[in-house]
file query-v2.cif (mmCIF, C-alpha atoms (C1' of nucleotides))
data_structure
#
loop_
_atom_site.label_atom_id
_atom_site.label_comp_id
_atom_site.auth_asym_id
_atom_site.auth_seq_id
_atom_site.Cartn_x
_atom_site.Cartn_y
_atom_site.Cartn_z
CA MET A 1 13.85 10.37 -11.14
CA LYS A 2 11.71 13.43 -10.53
CA ILE A 3 11.66 14.52 -6.88
CA ALA A 4 9.55 17.39 -5.57
CA SER A 5 8.62 19.40 -2.49
CA PHE A 6 5.26 21.06 -1.86
CA ASN A 7 4.01 22.92 1.22
CA ILE A 8 0.30 22.19 0.80
CA ASN A 9 -1.00 24.24 3.78
CA GLY A 10 -3.58 21.73 5.00
CA ILE A 11 -4.36 18.37 3.37
CA LYS A 12 -8.08 18.58 4.14
CA ALA A 13 -8.49 21.79 2.15
CA ARG A 14 -5.96 20.90 -0.55
CA GLY A 15 -7.21 17.56 -1.89
CA PRO A 16 -8.31 18.75 -5.34
CA ALA A 17 -5.29 21.02 -5.87
CA LEU A 18 -2.85 18.31 -4.75
CA ALA A 19 -4.51 15.71 -7.01
CA ARG A 20 -4.38 18.12 -9.98
CA TRP A 21 -0.66 18.72 -9.43
CA LEU A 22 0.19 15.02 -8.99
CA ASP A 23 -1.68 14.14 -12.19
CA GLU A 24 0.03 16.90 -14.20
CA SER A 25 3.54 16.96 -12.76
CA ARG A 26 3.80 13.22 -12.02
CA PRO A 27 6.75 13.28 -9.60
CA ASP A 28 8.30 9.92 -8.72
CA LEU A 29 8.68 11.16 -5.15
CA ALA A 30 7.38 14.18 -3.27
CA VAL A 31 7.73 15.53 0.25
CA LEU A 32 4.79 17.49 1.66
CA GLN A 33 4.79 20.06 4.46
CA GLU A 34 2.04 21.57 6.62
CA ILE A 35 -0.31 18.63 6.20
CA LYS A 36 -1.99 19.96 9.40
CA SER A 37 -3.37 16.50 10.08
CA THR A 38 -2.78 13.52 12.31
CA ASP A 39 -1.59 10.30 10.67
CA GLU A 40 -5.03 8.77 11.37
CA SER A 41 -7.03 11.52 9.64
CA PHE A 42 -4.80 11.86 6.56
CA PRO A 43 -6.81 11.00 3.40
CA ARG A 44 -4.47 8.23 2.25
CA ASP A 45 -6.70 7.16 -0.68
CA LEU A 46 -5.98 10.40 -2.54
CA ILE A 47 -2.30 9.43 -2.68
CA GLU A 48 -2.47 5.63 -2.84
CA GLU A 49 -5.04 5.44 -5.65
CA ARG A 50 -2.47 7.28 -7.81
CA GLY A 51 0.07 4.51 -7.26
CA TYR A 52 2.14 6.12 -4.52
CA ASN A 53 3.45 4.67 -1.30
CA LEU A 54 2.89 7.06 1.61
CA GLU A 55 4.60 7.72 4.94
CA THR A 56 3.26 10.49 7.18
CA HIS A 57 4.53 12.23 10.30
CA GLY A 58 1.48 14.20 11.35
CA GLN A 59 0.32 16.46 14.14
CA LYS A 60 -3.14 17.73 15.04
CA GLY A 61 -3.87 21.15 13.60
CA PHE A 62 -0.35 22.34 12.80
CA ASN A 63 2.84 21.37 10.98
CA GLY A 64 3.08 17.74 9.79
CA VAL A 65 5.18 16.29 6.96
CA ALA A 66 4.87 13.34 4.58
CA ILE A 67 6.71 11.47 1.81
CA LEU A 68 4.99 9.87 -1.15
CA SER A 69 6.83 7.74 -3.67
CA LYS A 70 6.25 5.41 -6.61
CA MET A 71 9.25 3.43 -5.32
CA PRO A 72 9.24 1.61 -1.98
CA LEU A 73 10.12 3.86 0.98
CA GLU A 74 12.79 2.18 3.08
CA ASP A 75 14.40 2.95 6.47
CA VAL A 76 11.78 5.59 7.31
CA LYS A 77 12.66 7.88 10.24
CA ARG A 78 10.27 10.37 11.81
CA GLY A 79 11.28 13.44 13.81
CA LEU A 80 14.49 15.47 13.99
CA PRO A 81 16.87 14.08 16.64
CA GLY A 82 18.39 16.19 19.40
CA ASP A 83 15.48 17.32 21.61
CA GLU A 84 13.19 14.73 23.16
CA SER A 85 10.86 17.50 24.42
CA ASP A 86 10.16 18.84 20.90
CA THR A 87 6.63 17.73 19.90
CA GLN A 88 6.45 19.54 16.55
CA ALA A 89 6.25 17.26 13.49
CA ARG A 90 8.68 18.83 11.03
CA TRP A 91 11.06 16.11 9.77
CA ILE A 92 10.83 12.76 7.95
CA GLU A 93 13.44 10.66 6.13
CA ALA A 94 13.40 7.68 3.79
CA THR A 95 15.57 5.92 1.22
CA VAL A 96 14.48 5.12 -2.35
CA THR A 97 16.35 3.16 -5.00
CA GLY A 98 16.64 4.16 -8.66
CA GLN A 99 18.07 2.27 -11.63
CA ARG A 100 21.70 2.85 -10.61
CA HIS A 101 21.77 4.61 -7.21
CA ALA A 102 19.89 4.84 -3.93
CA LEU A 103 18.86 8.26 -2.59
CA ARG A 104 18.36 9.35 1.02
CA VAL A 105 15.56 11.94 1.18
CA CYS A 106 14.79 14.29 4.08
CA GLY A 107 11.49 16.18 4.05
CA LEU A 108 11.62 19.20 6.33
CA TYR A 109 9.43 22.03 7.55
CA LEU A 110 11.85 24.45 9.16
CA PRO A 111 10.28 26.71 11.83
CA ASN A 112 9.10 30.13 10.67
CA GLY A 113 10.64 31.95 13.65
CA ASN A 114 8.35 34.98 13.79
CA PRO A 115 7.87 37.06 15.80
CA VAL A 116 11.58 37.73 16.39
CA GLU A 117 12.12 38.43 20.08
CA LEU A 118 15.59 39.58 21.15
CA GLU A 119 17.34 40.28 24.42
CA ALA A 120 18.98 43.67 25.09
CA ASP A 121 22.28 42.32 23.74
CA GLY A 122 20.63 41.22 20.48
CA SER A 123 20.63 37.49 21.22
CA PRO A 124 17.39 35.54 20.64
CA LYS A 125 15.09 35.46 23.68
CA PRO A 126 15.30 31.95 25.19
CA GLY A 127 12.09 30.05 24.58
CA GLY A 128 10.99 32.46 21.86
CA LYS A 129 10.06 31.53 18.30
CA TYR A 130 13.32 32.76 16.78
CA ASP A 131 15.35 30.95 19.42
CA TYR A 132 13.46 27.76 18.51
CA LYS A 133 14.20 28.30 14.82
CA LEU A 134 17.96 28.65 15.39
CA ALA A 135 18.05 25.70 17.80
CA TRP A 136 16.15 23.57 15.27
CA ILE A 137 18.66 24.54 12.56
CA ALA A 138 21.52 23.50 14.86
CA ARG A 139 19.87 20.10 15.31
CA MET A 140 19.39 19.83 11.55
CA GLU A 141 23.07 20.56 10.98
CA ALA A 142 23.99 17.83 13.48
CA ARG A 143 21.77 15.35 11.62
CA LEU A 144 23.27 16.55 8.33
CA ARG A 145 26.79 15.69 9.54
CA ASP A 146 25.65 12.10 10.21
CA LEU A 147 23.87 11.86 6.86
CA MET A 148 26.92 13.13 4.98
CA ALA A 149 28.93 10.29 6.51
CA LEU A 150 26.73 7.82 4.61
CA GLU A 151 28.56 8.92 1.43
CA MET A 152 25.53 8.36 -0.79
CA PRO A 153 23.23 10.69 -2.77
CA LEU A 154 21.28 12.90 -0.36
CA SER A 155 18.47 15.43 -0.84
CA LEU A 156 17.23 17.72 1.93
CA MET A 157 14.06 19.28 0.62
CA GLY A 158 11.17 21.27 1.97
CA ASP A 159 10.01 24.59 3.32
CA TYR A 160 13.19 26.10 4.79
CA ASN A 161 11.48 29.39 5.75
CA ILE A 162 14.73 31.08 4.68
CA ILE A 163 15.15 33.64 1.88
CA PRO A 164 18.76 32.93 0.85
CA GLN A 165 19.59 36.25 -0.85
CA ALA A 166 18.01 39.63 -1.69
CA GLU A 167 17.29 38.45 -5.25
CA ASP A 168 14.99 35.79 -3.74
CA ALA A 169 12.43 38.39 -2.59
CA ALA A 170 10.44 40.91 -4.61
CA ARG A 171 10.83 43.48 -1.81
CA PRO A 172 13.90 42.41 0.20
CA GLU A 173 14.00 45.61 2.23
CA SER A 174 10.62 44.76 3.78
CA TRP A 175 12.03 41.43 5.03
CA ARG A 176 15.26 42.80 6.52
CA GLU A 177 14.43 42.07 10.18
CA ASP A 178 12.00 39.22 9.51
CA ALA A 179 12.89 35.73 10.77
CA LEU A 180 12.95 34.48 7.16
CA PHE A 181 15.65 36.91 6.01
CA ARG A 182 17.59 38.36 8.96
CA LEU A 183 21.30 37.63 8.90
CA PRO A 184 21.46 34.63 11.29
CA SER A 185 18.90 32.81 9.11
CA ARG A 186 20.79 33.52 5.88
CA GLU A 187 24.06 32.57 7.56
CA ALA A 188 22.63 29.19 8.51
CA PHE A 189 21.59 28.50 4.91
CA ARG A 190 25.03 29.53 3.68
CA ARG A 191 26.74 27.29 6.26
CA MET A 192 24.93 24.31 4.73
CA LEU A 193 26.20 25.32 1.29
CA HIS A 194 29.72 25.69 2.70
CA PHE A 195 29.38 22.23 4.20
CA GLY A 196 28.94 20.86 0.70
CA LEU A 197 25.28 21.16 -0.22
CA THR A 198 24.13 22.56 -3.57
CA ASP A 199 21.02 24.73 -3.95
CA ALA A 200 19.54 22.74 -6.85
CA PHE A 201 17.44 25.65 -8.10
CA ARG A 202 20.40 28.04 -8.27
CA ALA A 203 22.50 25.37 -9.99
CA ARG A 204 20.07 25.50 -12.90
CA ASN A 205 18.55 29.02 -12.80
CA SER A 206 19.78 32.56 -12.27
CA GLY A 207 18.40 36.02 -11.64
CA ALA A 208 15.58 37.55 -9.64
CA GLY A 209 11.85 36.92 -9.79
CA HIS A 210 11.77 33.17 -8.97
CA TYR A 211 9.48 32.60 -6.00
CA THR A 212 7.79 29.66 -4.23
CA PHE A 213 5.52 31.57 -1.81
CA TRP A 214 3.08 34.44 -2.15
CA ASP A 215 1.00 35.57 0.84
CA TYR A 216 -2.76 35.16 0.51
CA GLN A 217 -3.15 38.76 1.67
CA ALA A 218 -3.16 42.01 -0.28
CA GLY A 219 -3.09 40.34 -3.71
CA ALA A 220 0.55 39.33 -3.33
CA TYR A 221 0.44 36.81 -6.19
CA ASP A 222 -1.21 39.23 -8.63
CA ARG A 223 1.58 41.72 -7.87
CA ASN A 224 4.23 38.93 -7.94
CA ASP A 225 5.23 40.00 -4.45
CA GLY A 226 6.81 36.65 -3.58
CA ILE A 227 9.76 35.00 -1.87
CA ARG A 228 11.84 31.86 -2.57
CA ILE A 229 11.82 29.81 0.64
CA ASP A 230 11.19 26.22 -0.55
CA HIS A 231 14.47 24.57 -1.45
CA ILE A 232 16.07 21.34 -2.65
CA LEU A 233 19.60 20.98 -1.27
CA LEU A 234 21.78 18.17 -2.64
CA ASN A 235 25.07 16.73 -1.48
CA ALA A 236 27.78 16.26 -4.10
CA TYR A 237 26.76 12.68 -4.95
CA ALA A 238 23.24 13.89 -5.79
CA ALA A 239 24.28 17.22 -7.34
CA ASP A 240 26.42 15.36 -9.87
CA LEU A 241 23.21 13.65 -11.04
CA LEU A 242 21.15 16.87 -11.29
CA GLN A 243 19.55 17.34 -14.72
CA ASP A 244 16.94 20.04 -14.06
CA CYS A 245 15.27 22.01 -11.28
CA ARG A 246 12.18 24.18 -11.63
CA ILE A 247 9.37 25.83 -9.70
CA ASP A 248 5.77 25.01 -10.72
CA GLY A 249 4.69 28.65 -10.32
CA ALA A 250 1.44 28.29 -12.26
CA VAL A 251 0.01 26.08 -9.50
CA ARG A 252 -0.50 29.27 -7.45
CA ALA A 253 -3.07 30.51 -10.02
CA GLY A 254 -5.25 27.39 -9.69
CA GLU A 255 -8.47 26.96 -7.74
CA LYS A 256 -8.11 27.00 -3.92
CA PRO A 257 -4.28 27.02 -4.09
CA SER A 258 -1.77 26.64 -1.29
CA ASP A 259 0.19 29.82 -0.57
CA HIS A 260 3.29 27.82 -1.65
CA VAL A 261 3.99 26.16 -5.01
CA PRO A 262 5.94 22.95 -5.74
CA ILE A 263 9.64 22.86 -6.58
CA TRP A 264 11.08 19.82 -8.33
CA ALA A 265 14.38 18.38 -9.51
CA GLU A 266 15.24 15.71 -12.05
CA LEU A 267 18.08 13.42 -10.94
CA ALA A 268 19.77 10.78 -13.13
CA LEU A 269 19.40 8.06 -10.52
"C1'" DA B 1 0.18 50.35 14.75
"C1'" DT B 2 -3.14 47.96 12.09
"C1'" DG B 3 -5.18 45.11 8.73
"C1'" DG B 4 -5.22 42.37 5.01
"C1'" DT B 5 -6.29 36.12 4.04
"C1'" DA B 6 -6.31 31.25 4.97
"C1'" DG B 7 -6.42 26.50 7.64
"C1'" DC B 8 -7.79 23.76 11.39
"C1'" DA B 9 -11.62 23.30 14.01
"C1'" DC B 10 -14.96 25.73 16.39
"C1'" DG B 11 -11.45 29.38 20.01
"C1'" DG B 12 -7.35 31.09 19.05
"C1'" DC B 13 -3.09 30.11 17.25
"C1'" DT B 14 -0.07 29.91 13.24
"C1'" DA B 15 1.60 31.72 9.17
#

call {"tool": "encode", "arguments": {"input": "query-v2.cif", "output": "structure tokens"}}
result
Amino acid sequence: MKIASFNINGIKARGPALARWLDESRPDLAVLQEIKSTDESFPRDLIEERGYNLETHGQKGFNGVAILSKMPLEDVKRGLPGDESDTQARWIEATVTGQRHALRVCGLYLPNGNPVELEADGSPKPGGKYDYKLAWIARMEARLRDLMALEMPLSLMGDYNIIPQAEDAARPESWREDALFRLPSREAFRRMLHFGLTDAFRARNSGAGHYTFWDYQAGAYDRNDGIRIDHILLNAYAADLLQDCRIDGAVRAGEKPSDHVPIWAELAL
DNA sequence: ATGGTAGCACGGCTA
């Protein structure tokens, strides 16, 4: 089963590019981030006419996530638990069933966190963007503990807005104090690995120069000035079934591309 | 410190 994640940066502007990728890459399941659309205005035909089931968790103008799948999507949950006042659409879950195993999938769009605002003692300013990012991660880790208790294959995939290590950025020094790379962000990613999750890409690839995002500005893609921030994390049940994981980097060179490219994994489900 | 680009939606925020 081929599962993928793609931050499309706006479904209304990305129809042709998304269709091209679906037709070429043919994932069995994909999670999308930054659909920037309400559920009502999402162009469902684009997905459904290609034989996919579709579940969206949208929001007007910003954020928004979705899952599309050739298999039925069961037990769909929308929204990350833990804060009833949080209106941002960044989390969706569903279960799919393969030939031998079921898989719980979480599609996530982790907050960017910039600009970083700190108090005099260095702690995040309450109510600020970076404070929201760290609080959101804490809620995600709480949900992760519950999902791990299911003791079944699990994939948490999406735009983490975290650069795990220096080798995951072309110019790491320029990201040192950025919300995507500063130490508390990297520590949170590492905590999830310590808790038992596998970075699927790093299980199958090594070395620098593998990126999933290039800014639209200043010709970042032409200079390969990228970062690796879109990730597929697997629990041990799923990691034992991992057969391949790659980044579809060439998608960035297409017409009207997203600033992100898809990442996918093949699981022997 | 600023500007560089893009999306949504049509002003200003988000990234």

call {"tool": "closest_atom_pairs", "arguments": {"input": "query-v2.cif", "of": "chain B", "to": "chain A", "cutoff": "6 Å", "atoms": "all atoms listed in the file", "output": "tab-separated table"}}
result
residue	atom	partner	partner_atom	distance
B:DG4	C1'	A:Gln217	CA	5.3
B:DT5	C1'	A:Gln217	CA	4.7
B:DC8	C1'	A:Gly61	CA	5.2

call {"tool": "resolve_selection", "arguments": {"input": "query-v2.cif", "expression": "the PyMOL selection byres ((chain A and resi 93) around 12)", "output": "mmCIF file with C-alpha atoms, in the coordinates of the input"}}
result
data_model
loop_
_atom_site.group_PDB
_atom_site.id
_atom_site.type_symbol
_atom_site.label_atom_id
_atom_site.label_comp_id
_atom_site.auth_asym_id
_atom_site.auth_seq_id
_atom_site.Cartn_x
_atom_site.Cartn_y
_atom_site.Cartn_z
ATOM 1 C CA ALA A 30 7.380 14.180 -3.270
ATOM 2 C CA VAL A 31 7.730 15.530 0.250
ATOM 3 C CA LEU A 32 4.790 17.490 1.660
ATOM 4 C CA GLU A 55 4.600 7.720 4.940
ATOM 5 C CA THR A 56 3.260 10.490 7.180
ATOM 6 C CA HIS A 57 4.530 12.230 10.300
ATOM 7 C CA VAL A 65 5.180 16.290 6.960
ATOM 8 C CA ALA A 66 4.870 13.340 4.580
ATOM 9 C CA ILE A 67 6.710 11.470 1.810
ATOM 10 C CA LEU A 68 4.990 9.870 -1.150
ATOM 11 C CA LEU A 73 10.120 3.860 0.980
ATOM 12 C CA GLU A 74 12.790 2.180 3.080
ATOM 13 C CA ASP A 75 14.400 2.950 6.470
ATOM 14 C CA VAL A 76 11.780 5.590 7.310
ATOM 15 C CA LYS A 77 12.660 7.880 10.240
ATOM 16 C CA ARG A 78 10.270 10.370 11.810
ATOM 17 C CA GLY A 79 11.280 13.440 13.810
ATOM 18 C CA LEU A 80 14.490 15.470 13.990
ATOM 19 C CA PRO A 81 16.870 14.080 16.640
ATOM 20 C CA ARG A 90 8.680 18.830 11.030
ATOM 21 C CA TRP A 91 11.060 16.110 9.770
ATOM 22 C CA ILE A 92 10.830 12.760 7.950
ATOM 23 C CA ALA A 94 13.400 7.680 3.790
ATOM 24 C CA THR A 95 15.570 5.920 1.220
ATOM 25 C CA VAL A 96 14.480 5.120 -2.350
ATOM 26 C CA LEU A 103 18.860 8.260 -2.590
ATOM 27 C CA ARG A 104 18.360 9.350 1.020
ATOM 28 C CA VAL A 105 15.560 11.940 1.180
ATOM 29 C CA CYS A 106 14.790 14.290 4.080
ATOM 30 C CA GLY A 107 11.490 16.180 4.050
ATOM 31 C CA LEU A 108 11.620 19.200 6.330
ATOM 32 C CA ARG A 143 21.770 15.350 11.620
ATOM 33 C CA LEU A 144 23.270 16.550 8.330
ATOM 34 C CA LEU A 147 23.870 11.860 6.860
ATOM 35 C CA LEU A 154 21.280 12.900 -0.360
ATOM 36 C CA SER A 155 18.470 15.430 -0.840
ATOM 37 C CA LEU A 156 17.230 17.720 1.930
ATOM 38 C CA MET A 157 14.060 19.280 0.620
ATOM 39 C CA GLY A 158 11.170 21.270 1.970
#

call {"tool": "resolve_selection", "arguments": {"input": "query-v2.cif", "expression": "the PyMOL selection byres ((chain A and resi 151) around 12)", "output": "list of chain:residue names"}}
result
A:His101, A:Ala102, A:Leu103, A:Arg104, A:Leu144, A:Arg145, A:Asp146, A:Leu147, A:Met148, A:Ala149, A:Leu150, A:Met152, A:Pro153, A:Leu154, A:Gly196, A:Asn235, A:Ala236, A:Tyr237, A:Ala238

call {"tool": "write_last_selection", "arguments": {"input": "query-v2.cif", "atoms": "C-alpha atoms", "output": "PDB file, keeping the file's coordinate frame"}}
result
ATOM      1  CA  HIS A 101      21.770   4.610  -7.210  1.00  0.00           C
ATOM      2  CA  ALA A 102      19.890   4.840  -3.930  1.00  0.00           C
ATOM      3  CA  LEU A 103      18.860   8.260  -2.590  1.00  0.00           C
ATOM      4  CA  ARG A 104      18.360   9.350   1.020  1.00  0.00           C
ATOM      5  CA  LEU A 144      23.270  16.550   8.330  1.00  0.00           C
ATOM      6  CA  ARG A 145      26.790  15.690   9.540  1.00  0.00           C
ATOM      7  CA  ASP A 146      25.650  12.100  10.210  1.00  0.00           C
ATOM      8  CA  LEU A 147      23.870  11.860   6.860  1.00  0.00           C
ATOM      9  CA  MET A 148      26.920  13.130   4.980  1.00  0.00           C
ATOM     10  CA  ALA A 149      28.930  10.290   6.510  1.00  0.00           C
ATOM     11  CA  LEU A 150      26.730   7.820   4.610  1.00  0.00           C
ATOM     12  CA  MET A 152      25.530   8.360  -0.790  1.00  0.00           C
ATOM     13  CA  PRO A 153      23.230  10.690  -2.770  1.00  0.00           C
ATOM     14  CA  LEU A 154      21.280  12.900  -0.360  1.00  0.00           C
ATOM     15  CA  GLY A 196      28.940  20.860   0.700  1.00  0.00           C
ATOM     16  CA  ASN A 235      25.070  16.730  -1.480  1.00  0.00           C
ATOM     17  CA  ALA A 236      27.780  16.260  -4.100  1.00  0.00           C
ATOM     18  CA  TYR A 237      26.760  12.680  -4.950  1.00  0.00           C
ATOM     19  CA  ALA A 238      23.240  13.890  -5.790  1.00  0.00           C
TER      20      ALA A 238
END

call {"tool": "residues_around", "arguments": {"input": "query-v2.cif", "residues": "Glu49 (chain A)", "least_positions_apart": "6", "cutoff": "12 Å", "atoms": "only C-alpha atoms (C1' of nucleotides)", "output": "PyMOL selection string"}}
result
chain A and resi 19+22-23+43+68+70

call {"tool": "atom_distance", "arguments": {"input": "query-v2.cif", "atom1": "CA of Arg223 (chain A)", "atom2": "CA of Arg204 (chain A)"}}
result
25.1 Å

call {"tool": "atom_distance", "arguments": {"input": "query-v2.cif", "atom1": "CA of His260 (chain A)", "atom2": "CA of Arg186 (chain A)"}}
result
19.9 Å

call {"tool": "atom_distance", "arguments": {"input": "query-v2.cif", "atom1": "CA of Phe201 (chain A)", "atom2": "CA of Ala89 (chain A)"}}
result
25.7 Å

call {"tool": "resolve_selection", "arguments": {"input": "query-v2.cif", "expression": "the PyMOL selection byres ((chain A and resi 188-191) around 10)", "output": "ChimeraX atom specification"}}
result
/A:134,137-138,141,160,162-165,183-187,192-197,199,233

call {"tool": "residues_near_point", "arguments": {"input": "query-v2.cif", "point": "(18.3, 16.2, -7.4)", "cutoff": "6 Å", "atoms": "all atoms listed in the file", "output": "list in words"}}
result
Ala238, Leu242, Ala265, Glu266 and Leu267 of chain A

call {"tool": "residues_near_point", "arguments": {"input": "query-v2.cif", "point": "(3.9, 19.7, -16.7)", "cutoff": "12 Å", "atoms": "all atoms listed in the file", "output": "PDB file with C-alpha atoms, in the coordinates of the input"}}
result
ATOM      1  CA  LYS A   2      11.710  13.430 -10.530  1.00  0.00           C
ATOM      2  CA  ARG A  20      -4.380  18.120  -9.980  1.00  0.00           C
ATOM      3  CA  TRP A  21      -0.660  18.720  -9.430  1.00  0.00           C
ATOM      4  CA  LEU A  22       0.190  15.020  -8.990  1.00  0.00           C
ATOM      5  CA  ASP A  23      -1.680  14.140 -12.190  1.00  0.00           C
ATOM      6  CA  GLU A  24       0.030  16.900 -14.200  1.00  0.00           C
ATOM      7  CA  SER A  25       3.540  16.960 -12.760  1.00  0.00           C
ATOM      8  CA  ARG A  26       3.800  13.220 -12.020  1.00  0.00           C
ATOM      9  CA  PRO A  27       6.750  13.280  -9.600  1.00  0.00           C
ATOM     10  CA  ARG A 246      12.180  24.180 -11.630  1.00  0.00           C
ATOM     11  CA  ILE A 247       9.370  25.830  -9.700  1.00  0.00           C
ATOM     12  CA  ASP A 248       5.770  25.010 -10.720  1.00  0.00           C
ATOM     13  CA  GLY A 249       4.690  28.650 -10.320  1.00  0.00           C
ATOM     14  CA  ALA A 250       1.440  28.290 -12.260  1.00  0.00           C
ATOM     15  CA  VAL A 251       0.010  26.080  -9.500  1.00  0.00           C
ATOM     16  CA  PRO A 262       5.940  22.950  -5.740  1.00  0.00           C
ATOM     17  CA  TRP A 264      11.080  19.820  -8.330  1.00  0.00           C
TER      18      TRP A 264
END
